[in-house]
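Working notes, structure below.
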Amino acid sequence: MNKDFPRVMKLLRKERGLRQKEAAEQLGIAQALLSHYENGKRECGLDFLVTAANFYGVSIDYILGRTSSRNGTVVVEDELPESTVSESYEGAPSGAGTLLRKKLATNSLEVVFSLLMKTKNTKLAKAISSYILTAVYRAYRMVYSAGGQNDENSFAVPIEEVSGLCVAKLSIDNVRVRAASKEGTEDERITNARIEHEYPKQSAALFSVVTNVERELLKLN
């Protein structure tokens, strides 16, 4: 049984502001059956999948949890193109794939920082920005140190300490984010539908990142 189907069906109904009885009537099924679907007790047929997708205006891939994009757009890392002479950086064995990941990251960050500015919660924005910048710093140190040929004296933090200190800083930022989140925001509720509407160009990148990272995280369970 698909584990994401119940979660997404319930999410879609709540985003529409429908009670379970109302949704069941409009989907043409009994409330008890919809309850079974939303609680993962029953698996639906293909006809209902199509009906639900049409009713909520999303793709079947979205309902099944294969993508976080409502229209089904997804970029899977394993399907990224291999490098070509025209696309790759000189000496980079996977330049095209790296370039696409760069676009995914930069477009996703545009959405994140835009949402932070709209919240008007300065503590939240500062904590999340610090978290992101620390992660960028750690990534740069990893690239810089690869191969062991570059002079580590370029940095104030010794190489043997940087990993542990960055982990500690990220943990502190995470605590600050959680504390700031309790103060609330002035922005409206975030939904996938809203993100696709407000960020038509960047949303596909963000949802691709969400889909791919969640797949990797679930492998750790």
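Residues are referred to by chain and number: the chain letter is A, B, ... according to the order shown in the structure tokens, the number counts from 1 in that chain, and ligands are numbered separately from 1 in the order shown.
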Go through range 11-193 of chain A and collect every residue that DSSP, computed from the backbone, puts in alpha helix (DSSP H); the answer should be as a ChimeraX atom specification. /A:11-16,20-27,31-38,46-56,60-63,95-119,122-145,159-181,192-193
List as JSON, numbers by chain the protein and nucleic acid residues near Asn54 in chain A, meaning an atom at most 12 Å away when only C-alpha atoms are counted, but skip any in the same chain fewer than 4 places from it. {"A": [12, 26, 27, 47, 48, 49, 50, 58, 59, 60, 62, 63, 70, 71]}
Store the residues picked out above, limited to N, CA, C and O atoms, as a PDB file, in the first residue's frame.
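Output below, filename again-v7.pdb:
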ATOM      1  N   LEU A  12      -4.974  17.536   1.040  1.00  0.00           N
ATOM      2  CA  LEU A  12      -5.743  18.202  -0.013  1.00  0.00           C
ATOM      3  C   LEU A  12      -7.126  18.613   0.474  1.00  0.00           C
ATOM      4  O   LEU A  12      -7.617  19.703   0.170  1.00  0.00           O
ATOM      5  N   GLN A  26     -18.677  15.056  -2.708  1.00  0.00           N
ATOM      6  CA  GLN A  26     -18.239  15.613  -3.981  1.00  0.00           C
ATOM      7  C   GLN A  26     -17.364  14.636  -4.780  1.00  0.00           C
ATOM      8  O   GLN A  26     -17.276  14.732  -6.004  1.00  0.00           O
ATOM      9  N   LEU A  27     -16.733  13.705  -4.060  1.00  0.00           N
ATOM     10  CA  LEU A  27     -15.924  12.685  -4.739  1.00  0.00           C
ATOM     11  C   LEU A  27     -16.766  11.470  -5.142  1.00  0.00           C
ATOM     12  O   LEU A  27     -16.274  10.572  -5.830  1.00  0.00           O
ATOM     13  N   ASP A  47      -9.686   4.330 -10.914  1.00  0.00           N
ATOM     14  CA  ASP A  47     -10.755   5.271 -11.250  1.00  0.00           C
ATOM     15  C   ASP A  47     -10.862   6.370 -10.196  1.00  0.00           C
ATOM     16  O   ASP A  47     -11.038   7.546 -10.525  1.00  0.00           O
ATOM     17  N   PHE A  48     -10.745   5.983  -8.931  1.00  0.00           N
ATOM     18  CA  PHE A  48     -10.845   6.995  -7.873  1.00  0.00           C
ATOM     19  C   PHE A  48      -9.629   7.911  -7.890  1.00  0.00           C
ATOM     20  O   PHE A  48      -9.752   9.107  -7.609  1.00  0.00           O
ATOM     21  N   LEU A  49      -8.462   7.376  -8.201  1.00  0.00           N
ATOM     22  CA  LEU A  49      -7.266   8.207  -8.292  1.00  0.00           C
ATOM     23  C   LEU A  49      -7.466   9.334  -9.304  1.00  0.00           C
ATOM     24  O   LEU A  49      -7.134  10.492  -9.047  1.00  0.00           O
ATOM     25  N   VAL A  50      -8.018   8.979 -10.446  1.00  0.00           N
ATOM     26  CA  VAL A  50      -8.269   9.969 -11.496  1.00  0.00           C
ATOM     27  C   VAL A  50      -9.301  10.988 -11.021  1.00  0.00           C
ATOM     28  O   VAL A  50      -9.148  12.197 -11.216  1.00  0.00           O
ATOM     29  N   VAL A  58      -4.778  18.347  -9.112  1.00  0.00           N
ATOM     30  CA  VAL A  58      -3.374  17.961  -8.956  1.00  0.00           C
ATOM     31  C   VAL A  58      -3.087  16.747  -9.826  1.00  0.00           C
ATOM     32  O   VAL A  58      -3.990  16.138 -10.399  1.00  0.00           O
ATOM     33  N   SER A  59      -1.817  16.380  -9.899  1.00  0.00           N
ATOM     34  CA  SER A  59      -1.438  15.201 -10.676  1.00  0.00           C
ATOM     35  C   SER A  59      -1.560  13.946  -9.827  1.00  0.00           C
ATOM     36  O   SER A  59      -1.545  14.006  -8.588  1.00  0.00           O
ATOM     37  N   ILE A  60      -1.677  12.799 -10.476  1.00  0.00           N
ATOM     38  CA  ILE A  60      -1.711  11.524  -9.761  1.00  0.00           C
ATOM     39  C   ILE A  60      -0.387  11.284  -9.055  1.00  0.00           C
ATOM     40  O   ILE A  60      -0.352  10.744  -7.938  1.00  0.00           O
ATOM     41  N   TYR A  62       1.384  13.470  -7.633  1.00  0.00           N
ATOM     42  CA  TYR A  62       1.336  14.237  -6.387  1.00  0.00           C
ATOM     43  C   TYR A  62       0.538  13.492  -5.322  1.00  0.00           C
ATOM     44  O   TYR A  62       0.962  13.397  -4.169  1.00  0.00           O
ATOM     45  N   ILE A  63      -0.603  12.958  -5.700  1.00  0.00           N
ATOM     46  CA  ILE A  63      -1.436  12.223  -4.747  1.00  0.00           C
ATOM     47  C   ILE A  63      -0.701  11.004  -4.205  1.00  0.00           C
ATOM     48  O   ILE A  63      -0.833  10.650  -3.027  1.00  0.00           O
ATOM     49  N   ARG A  70       2.444  19.979  -7.213  1.00  0.00           N
ATOM     50  CA  ARG A  70       1.047  19.616  -7.462  1.00  0.00           C
ATOM     51  C   ARG A  70       0.792  19.243  -8.923  1.00  0.00           C
ATOM     52  O   ARG A  70      -0.081  18.432  -9.218  1.00  0.00           O
ATOM     53  N   ASN A  71       1.557  19.837  -9.843  1.00  0.00           N
ATOM     54  CA  ASN A  71       1.333  19.527 -11.258  1.00  0.00           C
ATOM     55  C   ASN A  71       2.178  18.359 -11.753  1.00  0.00           C
ATOM     56  O   ASN A  71       2.188  18.032 -12.934  1.00  0.00           O
TER      57      ASN A  71
END
Surrounding residues of His36 in chain A excluding itself and chain neighbours under 5 positions, 12 Å, only C-alpha atoms, as number ranges by chain: A: 5-7, 9-10, 20, 24, 29-31, 41-44
For the residues in the current selection, export N, CA, C and O atoms as a CSV table (one decimal), in the first residue's frame.
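Result file selection.csv:
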chain,number,residue,atom,x,y,z
A,5,PHE,N,-0.2,8.2,0.0
A,5,PHE,CA,-1.6,8.5,-0.4
A,5,PHE,C,-2.5,9.0,0.7
A,5,PHE,O,-3.2,10.0,0.5
A,6,PRO,N,-2.6,8.3,1.9
A,6,PRO,CA,-3.5,8.8,2.9
A,6,PRO,C,-3.1,10.2,3.4
A,6,PRO,O,-4.0,11.1,3.6
A,7,ARG,N,-1.8,10.5,3.6
A,7,ARG,CA,-1.3,11.8,4.0
A,7,ARG,C,-1.7,12.9,3.0
A,7,ARG,O,-2.2,14.0,3.5
A,9,MET,N,-4.1,12.8,0.6
A,9,MET,CA,-5.5,13.0,0.5
A,9,MET,C,-6.1,13.8,1.6
A,9,MET,O,-6.9,14.7,1.4
A,10,LYS,N,-5.6,13.6,2.8
A,10,LYS,CA,-6.1,14.4,4.0
A,10,LYS,C,-5.6,15.9,3.8
A,10,LYS,O,-6.4,16.8,4.1
A,20,GLN,N,-14.8,16.0,6.1
A,20,GLN,CA,-14.7,14.7,5.4
A,20,GLN,C,-16.0,14.3,4.7
A,20,GLN,O,-16.0,13.8,3.6
A,24,ALA,N,-16.3,13.7,0.7
A,24,ALA,CA,-16.8,12.3,0.2
A,24,ALA,C,-18.0,12.5,-0.8
A,24,ALA,O,-18.1,11.8,-1.8
A,29,ILE,N,-18.2,9.1,-3.1
A,29,ILE,CA,-18.0,7.9,-2.3
A,29,ILE,C,-18.6,8.1,-0.9
A,29,ILE,O,-18.9,9.3,-0.5
A,30,ALA,N,-18.7,7.1,-0.2
A,30,ALA,CA,-19.2,7.1,1.2
A,30,ALA,C,-18.1,7.8,2.1
A,30,ALA,O,-16.9,7.6,1.9
A,31,GLN,N,-18.6,8.5,3.1
A,31,GLN,CA,-17.7,9.1,4.1
A,31,GLN,C,-16.8,8.0,4.7
A,31,GLN,O,-15.6,8.2,4.9
A,41,LYS,N,-6.4,2.6,5.7
A,41,LYS,CA,-7.0,1.3,5.9
A,41,LYS,C,-7.4,0.6,4.7
A,41,LYS,O,-7.6,-0.7,4.7
A,42,ARG,N,-7.6,1.3,3.6
A,42,ARG,CA,-8.0,0.8,2.3
A,42,ARG,C,-7.2,1.4,1.2
A,42,ARG,O,-6.8,2.5,1.3
A,43,GLU,N,-7.0,0.7,0.1
A,43,GLU,CA,-6.3,1.2,-1.0
A,43,GLU,C,-7.4,1.4,-2.1
A,43,GLU,O,-8.2,0.6,-2.4
A,44,CYS,N,-7.3,2.6,-2.8
A,44,CYS,CA,-8.3,2.9,-3.8
A,44,CYS,C,-7.9,2.3,-5.1
A,44,CYS,O,-6.8,1.9,-5.4
What's the separation between CA of Cys166 in chain A and CA of Ala135 in chain A, in Å to one decimal place?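 Straight-line distance from CA of Cys166 in chain A to CA of Ala135 in chain A works out to 7.7 Å.
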Do a neighbour search on range 152-165 of chain A at 8 Å with only C-alpha atoms, toss out local chain neighbours closer than 4 positions, and write the hits as a PyMOL selection string. chain A and resi 138+145+169
Applying 12 Å and only C-alpha atoms, which residues near Arg215 in chain A remain after dropping the ones on its own chain fewer than 3 positions away? List them as a PyMOL selection string. chain A and resi 4+65-68+76-78+208-212+218-221
Two-atom distance - CA of Arg13 in chain A, CA of Tyr37 in chain A (Å):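 Calculated distance between CA of Arg13 in chain A and CA of Tyr37 in chain A is 12.1 Å.
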Could you pull the residues within 10 Å of Ile172 in chain A, counting only C-alpha atoms, minus those fewer than 4 positions along the same chain, as a list in words? Ala127, Ser130, Tyr131, Cys166, Val167, Ala168, Arg176 and Val177 of chain A
One-decimal distance in Å that lies between CA of Ala53 in chain A and CA of Lys103 in chain A: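 Atom-to-atom, CA of Lys103 in chain A to CA of Ala53 in chain A, that is 29.1 Å.
For the residues A:Ser181, A:Thr106, A:Asn121, A:Asn2, ranking by smallest atom-to-atom distance to Lys201 in chain A using only C-alpha atoms places A:Thr106 first.
You can rank A:Gly148, A:Arg189, A:Thr98, A:Ala179 by their closest distance to Ile128 in chain A using only C-alpha atoms, and at the top of that list sits A:Ala179.
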Which one of A:Ala193, A:Leu33, A:Ala23, A:Val112 sits closest to Ala52 in chain A if you count only C-alpha atoms?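 When distances to Ala52 in chain A are compared using only C-alpha atoms, the smallest one comes from A:Ala23.
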